[in-house]
Amino acid sequence: MNNLEIDVNLAKPSDHFQIFFGMGCFWGAEKKFWSVEGVLTTAVGYAGGHKKNPKYDDVCSGETGHAEVVRIFYNPRFTSFENLMKVFWESHNPTQLNRQGNDIGTQYRSIILTDKNELFPKIESSKKKYQEKLDLNSAGKIQTEIKLLEKFYLAENYHQKYLHKNPNGYCGLGGTGIEYI
């Protein structure tokens with residue numbers, strides 16, 4: 001196994017679950033979840049595409065099909081799935097196709113990936129709920145892709161916790177201003 005390819009079932013505490021969110025640049029997306037109670041840790045990487053063991057430059061080329069994503073480990077006893085969805089929907093603009101702010105390309109698309117089929121109805125329900133809020137404000141149609149995770153490739157070390165290491169680093173995330181709940 002290449003050092004960037006992660007078996008999504010390894011190193012996961014038994015009382016924690018995981019979900020993968022793409023919402024633009026993964027630096028800002030990762031930071032949004034650091035202060036959420038019940039989130040054990042985060043890691044950034046690449047998923048949703050077809051190229052094995054992609055590197056950052058590969059993903060930025062737009063030819064891998066991968067999105068920049070953040071892997072969230074959370075304990076459902078301390079945070080609800082709804083709370084995670086609230087952070088996801090409110091922290092970026094899911095109506096933008098293949099971009100967030102000035103970040104443009106398929107790697108910046110809005111995407112939710114899960115390794116559990118039973119989460120699909122909850123994810124679809126949250127999407128419908130947020131779309132209703134957007135409709136009330138004539139704010140556009142959600143472009144978020146929802147799919148089963150096939151592989152997650154850990155990003156290079158310098159990307160991990162980037163905004164912790166570089167507090168003044170770039171983050172182009174911005175939501176719609178419309179609350180999820």
# chains A, B, ... in the order shown; residues from 1 in each chain; ligands from 1
>>> residues_around(residues="range 104-117 of chain A", least_positions_apart="2", cutoff="9 Å", atoms="only C-alpha atoms", output="PyMOL selection string")
chain A and resi 8+18-26+46-48+59-69+92-102+119-121+123+142-150
>>> residues_around(residues="Leu134 in chain A", least_positions_apart="6", cutoff="12 Å", atoms="only C-alpha atoms", output="list in words")
Trp89, Glu90, Asn93, Pro94, Thr95, Lys127, Lys128, Gly140, Lys141, Ile142, Gly175, Thr176, Gly177, Ile178, Glu179, Tyr180 and Ile181 of chain A
>>> write_last_selection(atoms="all heavy atoms", output="tab-separated table (two decimals), in the first residue's frame")
chain	number	residue	atom	x	y	z
A	89	TRP	N	-23.09	22.47	5.65
A	89	TRP	CA	-23.94	23.29	4.78
A	89	TRP	C	-23.69	24.79	4.97
A	89	TRP	O	-23.69	25.55	4.01
A	89	TRP	CB	-25.41	22.98	4.98
A	89	TRP	CG	-25.80	21.60	4.54
A	89	TRP	CD1	-26.33	20.62	5.34
A	89	TRP	CD2	-25.72	21.03	3.22
A	89	TRP	NE1	-26.57	19.47	4.59
A	89	TRP	CE2	-26.20	19.70	3.29
A	89	TRP	CE3	-25.28	21.50	2.00
A	89	TRP	CZ2	-26.26	18.85	2.18
A	89	TRP	CZ3	-25.32	20.67	0.89
A	89	TRP	CH2	-25.82	19.36	0.99
A	90	GLU	N	-23.47	25.22	6.21
A	90	GLU	CA	-23.33	26.65	6.48
A	90	GLU	C	-21.94	27.21	6.18
A	90	GLU	O	-21.78	28.42	6.08
A	90	GLU	CB	-23.69	26.95	7.93
A	90	GLU	CG	-25.15	26.79	8.24
A	90	GLU	CD	-25.51	27.11	9.68
A	90	GLU	OE1	-24.63	27.54	10.45
A	90	GLU	OE2	-26.70	26.94	10.04
A	93	ASN	N	-20.57	27.44	0.07
A	93	ASN	CA	-21.72	27.68	-0.79
A	93	ASN	C	-21.94	26.46	-1.68
A	93	ASN	O	-21.28	26.33	-2.72
A	93	ASN	CB	-21.52	28.93	-1.63
A	93	ASN	CG	-22.74	29.28	-2.44
A	93	ASN	OD1	-23.63	28.45	-2.65
A	93	ASN	ND2	-22.80	30.51	-2.92
A	94	PRO	N	-22.86	25.57	-1.30
A	94	PRO	CA	-23.06	24.34	-2.06
A	94	PRO	C	-23.77	24.55	-3.40
A	94	PRO	O	-23.93	23.60	-4.16
A	94	PRO	CB	-23.91	23.49	-1.12
A	94	PRO	CG	-24.69	24.48	-0.33
A	94	PRO	CD	-23.76	25.64	-0.14
A	95	THR	N	-24.16	25.79	-3.71
A	95	THR	CA	-24.81	26.06	-4.99
A	95	THR	C	-23.79	26.36	-6.09
A	95	THR	O	-24.17	26.46	-7.25
A	95	THR	CB	-25.82	27.22	-4.88
A	95	THR	OG1	-25.10	28.44	-4.69
A	95	THR	CG2	-26.81	26.99	-3.76
A	127	LYS	N	-29.72	17.39	2.83
A	127	LYS	CA	-29.62	18.17	1.59
A	127	LYS	C	-30.98	18.78	1.24
A	127	LYS	O	-31.08	19.96	0.90
A	127	LYS	CB	-29.13	17.28	0.45
A	127	LYS	CG	-29.00	17.98	-0.87
A	127	LYS	CD	-28.50	17.02	-1.95
A	127	LYS	CE	-28.48	17.67	-3.31
A	127	LYS	NZ	-28.02	16.74	-4.36
A	128	LYS	N	-32.02	17.96	1.34
A	128	LYS	CA	-33.38	18.44	1.05
A	128	LYS	C	-33.77	19.57	2.01
A	128	LYS	O	-34.33	20.60	1.60
A	128	LYS	CB	-34.37	17.28	1.16
A	128	LYS	CG	-35.79	17.67	0.84
A	128	LYS	CD	-36.73	16.49	0.95
A	128	LYS	CE	-38.13	16.95	0.61
A	128	LYS	NZ	-39.16	16.26	1.31
A	140	GLY	N	-30.48	29.55	-5.07
A	140	GLY	CA	-29.89	28.61	-6.01
A	140	GLY	C	-30.08	27.16	-5.64
A	140	GLY	O	-30.59	26.82	-4.58
A	141	LYS	N	-29.64	26.30	-6.54
A	141	LYS	CA	-29.80	24.85	-6.39
A	141	LYS	C	-28.48	24.23	-5.89
A	141	LYS	O	-27.41	24.54	-6.40
A	141	LYS	CB	-30.19	24.23	-7.73
A	141	LYS	CG	-30.38	22.73	-7.67
A	141	LYS	CD	-31.25	22.23	-8.79
A	141	LYS	CE	-31.36	20.73	-8.85
A	141	LYS	NZ	-31.57	20.04	-7.61
A	142	ILE	N	-28.59	23.35	-4.92
A	142	ILE	CA	-27.43	22.65	-4.38
A	142	ILE	C	-26.80	21.79	-5.46
A	142	ILE	O	-27.48	21.03	-6.15
A	142	ILE	CB	-27.83	21.80	-3.16
A	142	ILE	CG1	-28.21	22.72	-1.99
A	142	ILE	CG2	-26.71	20.84	-2.76
A	142	ILE	CD1	-28.73	21.99	-0.76
A	175	GLY	N	-19.85	30.89	3.33
A	175	GLY	CA	-21.16	30.28	3.19
A	175	GLY	C	-22.15	31.19	2.48
A	175	GLY	O	-21.81	32.26	1.99
A	176	THR	N	-23.38	30.74	2.44
A	176	THR	CA	-24.45	31.51	1.81
A	176	THR	C	-25.03	32.55	2.75
A	176	THR	O	-25.77	33.43	2.32
A	176	THR	CB	-25.59	30.58	1.36
A	176	THR	OG1	-26.14	29.96	2.52
A	176	THR	CG2	-25.11	29.55	0.37
A	177	GLY	N	-24.75	32.38	4.06
A	177	GLY	CA	-25.36	33.26	5.06
A	177	GLY	C	-26.72	32.75	5.50
A	177	GLY	O	-27.39	33.37	6.31
A	178	ILE	N	-27.13	31.59	4.97
A	178	ILE	CA	-28.43	31.00	5.30
A	178	ILE	C	-28.21	29.85	6.28
A	178	ILE	O	-27.42	28.95	6.01
A	178	ILE	CB	-29.15	30.52	4.03
A	178	ILE	CG1	-29.39	31.71	3.10
A	178	ILE	CG2	-30.44	29.81	4.37
A	178	ILE	CD1	-29.84	31.33	1.71
A	179	GLU	N	-28.90	29.92	7.41
A	179	GLU	CA	-28.73	28.89	8.44
A	179	GLU	C	-29.37	27.57	8.04
A	179	GLU	O	-30.40	27.56	7.37
A	179	GLU	CB	-29.33	29.38	9.76
A	179	GLU	CG	-28.55	30.52	10.38
A	179	GLU	CD	-29.09	30.90	11.74
A	179	GLU	OE1	-29.98	30.21	12.28
A	179	GLU	OE2	-28.62	31.91	12.28
A	180	TYR	N	-28.72	26.51	8.47
A	180	TYR	CA	-29.23	25.16	8.20
A	180	TYR	C	-30.40	24.83	9.12
A	180	TYR	O	-31.40	24.29	8.69
A	180	TYR	CB	-28.10	24.15	8.39
A	180	TYR	CG	-28.53	22.70	8.32
A	180	TYR	CD1	-28.97	22.14	7.13
A	180	TYR	CD2	-28.50	21.88	9.45
A	180	TYR	CE1	-29.35	20.82	7.07
A	180	TYR	CE2	-28.87	20.56	9.39
A	180	TYR	CZ	-29.31	20.02	8.20
A	180	TYR	OH	-29.70	18.71	8.14
A	181	ILE	N	-30.25	25.15	10.39
A	181	ILE	CA	-31.30	24.83	11.37
A	181	ILE	C	-31.98	26.10	11.81
A	181	ILE	O	-31.40	27.11	12.00
A	181	ILE	CB	-30.70	24.08	12.59
A	181	ILE	CG1	-30.11	22.76	12.13
A	181	ILE	CG2	-31.74	23.87	13.66
A	181	ILE	CD1	-29.42	21.96	13.19
>>> residues_around(residues="Cys171 in chain A", least_positions_apart="3", cutoff="9 Å", atoms="only C-alpha atoms", output="PyMOL selection string")
chain A and resi 25-29+163+168+174
>>> write_last_selection(atoms="all heavy atoms", output="CSV table (one decimal), in the first residue's frame")
chain,number,residue,atom,x,y,z
A,25,CYS,N,-11.3,24.5,-0.7
A,25,CYS,CA,-10.0,24.2,-0.2
A,25,CYS,C,-10.0,23.4,1.1
A,25,CYS,O,-10.8,23.8,2.1
A,25,CYS,CB,-9.3,25.5,0.0
A,25,CYS,SG,-7.7,25.4,0.8
A,26,PHE,N,-9.3,22.3,1.2
A,26,PHE,CA,-9.4,21.5,2.4
A,26,PHE,C,-8.8,22.1,3.6
A,26,PHE,O,-9.1,21.7,4.8
A,26,PHE,CB,-8.9,20.1,2.2
A,26,PHE,CG,-7.6,19.9,1.6
A,26,PHE,CD1,-6.6,20.8,1.6
A,26,PHE,CD2,-7.3,18.7,0.9
A,26,PHE,CE1,-5.3,20.6,1.0
A,26,PHE,CE2,-6.1,18.4,0.3
A,26,PHE,CZ,-5.1,19.4,0.4
A,27,TRP,N,-8.0,23.2,3.5
A,27,TRP,CA,-7.4,23.8,4.7
A,27,TRP,C,-8.5,24.4,5.5
A,27,TRP,O,-8.6,24.2,6.7
A,27,TRP,CB,-6.4,24.9,4.3
A,27,TRP,CG,-5.2,24.4,3.6
A,27,TRP,CD1,-4.7,23.2,3.5
A,27,TRP,CD2,-4.4,25.3,2.8
A,27,TRP,NE1,-3.6,23.2,2.7
A,27,TRP,CE2,-3.4,24.5,2.2
A,27,TRP,CE3,-4.4,26.6,2.5
A,27,TRP,CZ2,-2.4,25.0,1.4
A,27,TRP,CZ3,-3.4,27.1,1.7
A,27,TRP,CH2,-2.4,26.3,1.2
A,28,GLY,N,-9.4,25.2,4.9
A,28,GLY,CA,-10.4,25.9,5.6
A,28,GLY,C,-11.5,25.0,6.1
A,28,GLY,O,-12.1,25.1,7.1
A,29,ALA,N,-11.8,24.0,5.2
A,29,ALA,CA,-12.8,23.0,5.6
A,29,ALA,C,-12.4,22.2,6.8
A,29,ALA,O,-13.2,22.0,7.8
A,29,ALA,CB,-13.0,22.0,4.4
A,163,LEU,N,-3.7,25.4,8.5
A,163,LEU,CA,-4.1,26.7,9.1
A,163,LEU,C,-3.8,26.8,10.6
A,163,LEU,O,-3.7,27.9,11.1
A,163,LEU,CB,-5.6,27.0,8.8
A,163,LEU,CG,-5.9,27.3,7.4
A,163,LEU,CD1,-7.4,27.6,7.2
A,163,LEU,CD2,-5.1,28.5,6.8
A,168,ASN,N,-2.3,32.6,9.4
A,168,ASN,CA,-2.7,33.7,8.5
A,168,ASN,C,-2.8,33.2,7.0
A,168,ASN,O,-2.8,34.0,6.1
A,168,ASN,CB,-1.7,34.9,8.5
A,168,ASN,CG,-1.8,35.5,9.9
A,168,ASN,OD1,-2.9,35.7,10.5
A,168,ASN,ND2,-0.6,35.9,10.4
A,174,GLY,N,-16.6,30.5,2.2
A,174,GLY,CA,-17.7,31.5,2.6
A,174,GLY,C,-19.0,30.8,2.4
A,174,GLY,O,-19.2,30.3,1.3
>>> select_by_dssp(residues="range 74-147 of chain A", states="strand (DSSP E or B)", output="JSON, numbers by chain")
{"A": [74, 99, 100, 103, 104, 110, 111, 112, 113, 114, 145, 146, 147]}
>>> select_by_dssp(residues="range 77-110 of chain A", states="alpha helix (DSSP H)", output="list in words")
Phe81, Glu82, Asn83, Leu84, Met85, Lys86, Val87, Phe88, Trp89, Glu90 and Ser91 of chain A
>>> write_last_selection(atoms="all heavy atoms", output="JSON list (two decimals), in the first residue's frame")
[["chain", "number", "residue", "atom", "x", "y", "z"],
["A", 81, "PHE", "N", -25.04, 13.87, 14.17],
["A", 81, "PHE", "CA", -24.84, 13.92, 12.73],
["A", 81, "PHE", "C", -25.39, 15.23, 12.18],
["A", 81, "PHE", "O", -24.79, 15.86, 11.32],
["A", 81, "PHE", "CB", -25.50, 12.70, 12.07],
["A", 81, "PHE", "CG", -25.26, 12.61, 10.60],
["A", 81, "PHE", "CD1", -24.04, 12.16, 10.11],
["A", 81, "PHE", "CD2", -26.25, 12.97, 9.70],
["A", 81, "PHE", "CE1", -23.81, 12.08, 8.76],
["A", 81, "PHE", "CE2", -26.01, 12.90, 8.34],
["A", 81, "PHE", "CZ", -24.79, 12.45, 7.87],
["A", 82, "GLU", "N", -26.53, 15.67, 12.71],
["A", 82, "GLU", "CA", -27.13, 16.94, 12.29],
["A", 82, "GLU", "C", -26.19, 18.11, 12.53],
["A", 82, "GLU", "O", -26.14, 19.04, 11.73],
["A", 82, "GLU", "CB", -28.46, 17.18, 13.04],
["A", 82, "GLU", "CG", -29.64, 16.49, 12.44],
["A", 82, "GLU", "CD", -30.04, 17.08, 11.09],
["A", 82, "GLU", "OE1", -30.47, 18.24, 11.02],
["A", 82, "GLU", "OE2", -29.90, 16.35, 10.09],
["A", 83, "ASN", "N", -25.47, 18.08, 13.64],
["A", 83, "ASN", "CA", -24.53, 19.16, 13.93],
["A", 83, "ASN", "C", -23.41, 19.20, 12.89],
["A", 83, "ASN", "O", -23.02, 20.29, 12.45],
["A", 83, "ASN", "CB", -23.96, 18.99, 15.34],
["A", 83, "ASN", "CG", -23.19, 20.22, 15.78],
["A", 83, "ASN", "OD1", -23.57, 21.34, 15.50],
["A", 83, "ASN", "ND2", -22.08, 19.99, 16.47],
["A", 84, "LEU", "N", -22.91, 18.04, 12.49],
["A", 84, "LEU", "CA", -21.88, 18.00, 11.45],
["A", 84, "LEU", "C", -22.43, 18.53, 10.13],
["A", 84, "LEU", "O", -21.74, 19.27, 9.41],
["A", 84, "LEU", "CB", -21.36, 16.58, 11.27],
["A", 84, "LEU", "CG", -20.64, 15.97, 12.47],
["A", 84, "LEU", "CD1", -20.28, 14.53, 12.19],
["A", 84, "LEU", "CD2", -19.42, 16.78, 12.86],
["A", 85, "MET", "N", -23.67, 18.16, 9.81],
["A", 85, "MET", "CA", -24.28, 18.63, 8.58],
["A", 85, "MET", "C", -24.49, 20.14, 8.61],
["A", 85, "MET", "O", -24.34, 20.82, 7.61],
["A", 85, "MET", "CB", -25.59, 17.89, 8.30],
["A", 85, "MET", "CG", -25.43, 16.40, 8.07],
["A", 85, "MET", "SD", -24.14, 15.93, 6.89],
["A", 85, "MET", "CE", -24.73, 16.69, 5.39],
["A", 86, "LYS", "N", -24.82, 20.67, 9.77],
["A", 86, "LYS", "CA", -24.98, 22.12, 9.93],
["A", 86, "LYS", "C", -23.67, 22.83, 9.59],
["A", 86, "LYS", "O", -23.66, 23.80, 8.82],
["A", 86, "LYS", "CB", -25.41, 22.45, 11.36],
["A", 86, "LYS", "CG", -25.49, 23.93, 11.68],
["A", 86, "LYS", "CD", -25.93, 24.16, 13.12],
["A", 86, "LYS", "CE", -25.89, 25.59, 13.59],
["A", 86, "LYS", "NZ", -26.36, 26.61, 12.72],
["A", 87, "VAL", "N", -22.57, 22.34, 10.14],
["A", 87, "VAL", "CA", -21.27, 22.95, 9.85],
["A", 87, "VAL", "C", -20.97, 22.84, 8.35],
["A", 87, "VAL", "O", -20.54, 23.81, 7.72],
["A", 87, "VAL", "CB", -20.16, 22.29, 10.69],
["A", 87, "VAL", "CG1", -18.78, 22.81, 10.28],
["A", 87, "VAL", "CG2", -20.40, 22.52, 12.18],
["A", 88, "PHE", "N", -21.23, 21.67, 7.77],
["A", 88, "PHE", "CA", -20.97, 21.48, 6.35],
["A", 88, "PHE", "C", -21.77, 22.47, 5.49],
["A", 88, "PHE", "O", -21.20, 23.22, 4.70],
["A", 88, "PHE", "CB", -21.30, 20.04, 5.93],
["A", 88, "PHE", "CG", -21.20, 19.81, 4.45],
["A", 88, "PHE", "CD1", -19.97, 19.67, 3.84],
["A", 88, "PHE", "CD2", -22.35, 19.76, 3.66],
["A", 88, "PHE", "CE1", -19.87, 19.47, 2.46],
["A", 88, "PHE", "CE2", -22.26, 19.56, 2.29],
["A", 88, "PHE", "CZ", -21.02, 19.42, 1.69],
["A", 89, "TRP", "N", -23.09, 22.47, 5.65],
["A", 89, "TRP", "CA", -23.94, 23.29, 4.78],
["A", 89, "TRP", "C", -23.69, 24.79, 4.97],
["A", 89, "TRP", "O", -23.69, 25.55, 4.01],
["A", 89, "TRP", "CB", -25.41, 22.98, 4.98],
["A", 89, "TRP", "CG", -25.80, 21.60, 4.54],
["A", 89, "TRP", "CD1", -26.33, 20.62, 5.34],
["A", 89, "TRP", "CD2", -25.72, 21.03, 3.22],
["A", 89, "TRP", "NE1", -26.57, 19.47, 4.59],
["A", 89, "TRP", "CE2", -26.20, 19.70, 3.29],
["A", 89, "TRP", "CE3", -25.28, 21.50, 2.00],
["A", 89, "TRP", "CZ2", -26.26, 18.85, 2.18],
["A", 89, "TRP", "CZ3", -25.32, 20.67, 0.89],
["A", 89, "TRP", "CH2", -25.82, 19.36, 0.99],
["A", 90, "GLU", "N", -23.47, 25.22, 6.21],
["A", 90, "GLU", "CA", -23.33, 26.65, 6.48],
["A", 90, "GLU", "C", -21.94, 27.21, 6.18],
["A", 90, "GLU", "O", -21.78, 28.42, 6.08],
["A", 90, "GLU", "CB", -23.69, 26.95, 7.93],
["A", 90, "GLU", "CG", -25.15, 26.79, 8.24],
["A", 90, "GLU", "CD", -25.51, 27.11, 9.68],
["A", 90, "GLU", "OE1", -24.63, 27.54, 10.45],
["A", 90, "GLU", "OE2", -26.70, 26.94, 10.04],
["A", 91, "SER", "N", -20.94, 26.34, 6.06],
["A", 91, "SER", "CA", -19.56, 26.82, 5.95],
["A", 91, "SER", "C", -19.07, 27.03, 4.52],
["A", 91, "SER", "O", -17.95, 27.48, 4.32],
["A", 91, "SER", "CB", -18.62, 25.83, 6.65],
["A", 91, "SER", "OG", -18.90, 25.80, 8.04]]
>>> closest_residue(among="A:Val44, A:Glu132, A:Ser138, A:Val36", to="Tyr56 in chain A", atoms="only C-alpha atoms")
A:Val44
>>> closest_residue(among="A:Arg77, A:His16, A:Lys151, A:Lys31", to="Gly45 in chain A", atoms="only C-alpha atoms")
A:Lys151
>>> atom_distance(atom1="CA of Gly38 in chain A", atom2="CA of Phe78 in chain A")
4.5 Å
>>> atom_distance(atom1="CA of Leu173 in chain A", atom2="CA of Asn137 in chain A")
20.1 Å
>>> atom_distance(atom1="CA of Val39 in chain A", atom2="CA of Tyr158 in chain A")
21.5 Å
>>> decode(residues="range 60-81 of chain A", atoms="N, CA, C and O atoms", output="mmCIF file, in the first residue's frame")
data_model
loop_
_atom_site.group_PDB
_atom_site.id
_atom_site.type_symbol
_atom_site.label_atom_id
_atom_site.label_comp_id
_atom_site.auth_asym_id
_atom_site.auth_seq_id
_atom_site.Cartn_x
_atom_site.Cartn_y
_atom_site.Cartn_z
ATOM 1 N N CYS A 60 -4.725 19.074 -8.620
ATOM 2 C CA CYS A 60 -4.914 20.435 -9.144
ATOM 3 C C CYS A 60 -4.999 20.479 -10.666
ATOM 4 O O CYS A 60 -5.525 21.432 -11.218
ATOM 5 N N SER A 61 -4.521 19.436 -11.341
ATOM 6 C CA SER A 61 -4.580 19.399 -12.803
ATOM 7 C C SER A 61 -6.013 19.218 -13.295
ATOM 8 O O SER A 61 -6.317 19.486 -14.444
ATOM 9 N N GLY A 62 -6.891 18.714 -12.414
ATOM 10 C CA GLY A 62 -8.275 18.464 -12.793
ATOM 11 C C GLY A 62 -8.473 17.156 -13.537
ATOM 12 O O GLY A 62 -9.579 16.841 -13.964
ATOM 13 N N GLU A 63 -7.416 16.367 -13.672
ATOM 14 C CA GLU A 63 -7.496 15.135 -14.451
ATOM 15 C C GLU A 63 -7.670 13.869 -13.607
ATOM 16 O O GLU A 63 -7.763 12.778 -14.158
ATOM 17 N N THR A 64 -7.708 13.996 -12.299
ATOM 18 C CA THR A 64 -7.817 12.813 -11.425
ATOM 19 C C THR A 64 -9.247 12.503 -11.024
ATOM 20 O O THR A 64 -9.545 11.402 -10.588
ATOM 21 N N GLY A 65 -10.122 13.504 -11.108
ATOM 22 C CA GLY A 65 -11.495 13.341 -10.638
ATOM 23 C C GLY A 65 -11.639 13.489 -9.130
ATOM 24 O O GLY A 65 -12.745 13.458 -8.605
ATOM 25 N N HIS A 66 -10.521 13.651 -8.416
ATOM 26 C CA HIS A 66 -10.571 13.755 -6.961
ATOM 27 C C HIS A 66 -10.943 15.164 -6.504
ATOM 28 O O HIS A 66 -10.662 16.150 -7.189
ATOM 29 N N ALA A 67 -11.552 15.216 -5.339
ATOM 30 C CA ALA A 67 -11.825 16.474 -4.666
ATOM 31 C C ALA A 67 -10.927 16.578 -3.441
ATOM 32 O O ALA A 67 -10.503 15.563 -2.892
ATOM 33 N N GLU A 68 -10.644 17.796 -3.033
ATOM 34 C CA GLU A 68 -9.971 18.009 -1.759
ATOM 35 C C GLU A 68 -11.029 17.793 -0.673
ATOM 36 O O GLU A 68 -12.073 18.439 -0.696
ATOM 37 N N VAL A 69 -10.762 16.860 0.238
ATOM 38 C CA VAL A 69 -11.739 16.532 1.275
ATOM 39 C C VAL A 69 -11.095 16.523 2.649
ATOM 40 O O VAL A 69 -9.878 16.398 2.793
ATOM 41 N N VAL A 70 -11.947 16.651 3.657
ATOM 42 C CA VAL A 70 -11.504 16.514 5.041
ATOM 43 C C VAL A 70 -12.196 15.291 5.625
ATOM 44 O O VAL A 70 -13.402 15.097 5.453
ATOM 45 N N ARG A 71 -11.403 14.469 6.270
ATOM 46 C CA ARG A 71 -11.909 13.269 6.945
ATOM 47 C C ARG A 71 -12.178 13.655 8.395
ATOM 48 O O ARG A 71 -11.291 14.126 9.102
ATOM 49 N N ILE A 72 -13.416 13.444 8.831
ATOM 50 C CA ILE A 72 -13.834 13.798 10.188
ATOM 51 C C ILE A 72 -14.050 12.511 10.985
ATOM 52 O O ILE A 72 -14.857 11.667 10.592
ATOM 53 N N PHE A 73 -13.343 12.366 12.087
ATOM 54 C CA PHE A 73 -13.613 11.299 13.054
ATOM 55 C C PHE A 73 -14.436 11.922 14.167
ATOM 56 O O PHE A 73 -14.007 12.900 14.773
ATOM 57 N N TYR A 74 -15.610 11.372 14.434
ATOM 58 C CA TYR A 74 -16.451 11.959 15.472
ATOM 59 C C TYR A 74 -17.087 10.880 16.331
ATOM 60 O O TYR A 74 -17.262 9.741 15.910
ATOM 61 N N ASN A 75 -17.412 11.275 17.545
ATOM 62 C CA ASN A 75 -18.086 10.387 18.486
ATOM 63 C C ASN A 75 -19.547 10.825 18.551
ATOM 64 O O ASN A 75 -19.836 11.933 19.014
ATOM 65 N N PRO A 76 -20.472 9.978 18.094
ATOM 66 C CA PRO A 76 -21.889 10.373 18.056
ATOM 67 C C PRO A 76 -22.504 10.567 19.444
ATOM 68 O O PRO A 76 -23.592 11.124 19.543
ATOM 69 N N ARG A 77 -21.809 10.161 20.490
ATOM 70 C CA ARG A 77 -22.315 10.437 21.852
ATOM 71 C C ARG A 77 -22.134 11.898 22.222
ATOM 72 O O ARG A 77 -22.806 12.397 23.109
ATOM 73 N N PHE A 78 -21.203 12.587 21.528
ATOM 74 C CA PHE A 78 -20.882 13.962 21.886
ATOM 75 C C PHE A 78 -21.223 14.995 20.822
ATOM 76 O O PHE A 78 -21.191 16.190 21.079
ATOM 77 N N THR A 79 -21.521 14.546 19.637
ATOM 78 C CA THR A 79 -22.004 15.454 18.596
ATOM 79 C C THR A 79 -22.971 14.678 17.717
ATOM 80 O O THR A 79 -22.783 13.490 17.474
ATOM 81 N N SER A 80 -23.968 15.358 17.260
ATOM 82 C CA SER A 80 -24.951 14.693 16.408
ATOM 83 C C SER A 80 -24.530 14.784 14.941
ATOM 84 O O SER A 80 -23.784 15.682 14.543
ATOM 85 N N PHE A 81 -25.042 13.874 14.169
ATOM 86 C CA PHE A 81 -24.837 13.917 12.728
ATOM 87 C C PHE A 81 -25.392 15.234 12.181
ATOM 88 O O PHE A 81 -24.790 15.861 11.315
#
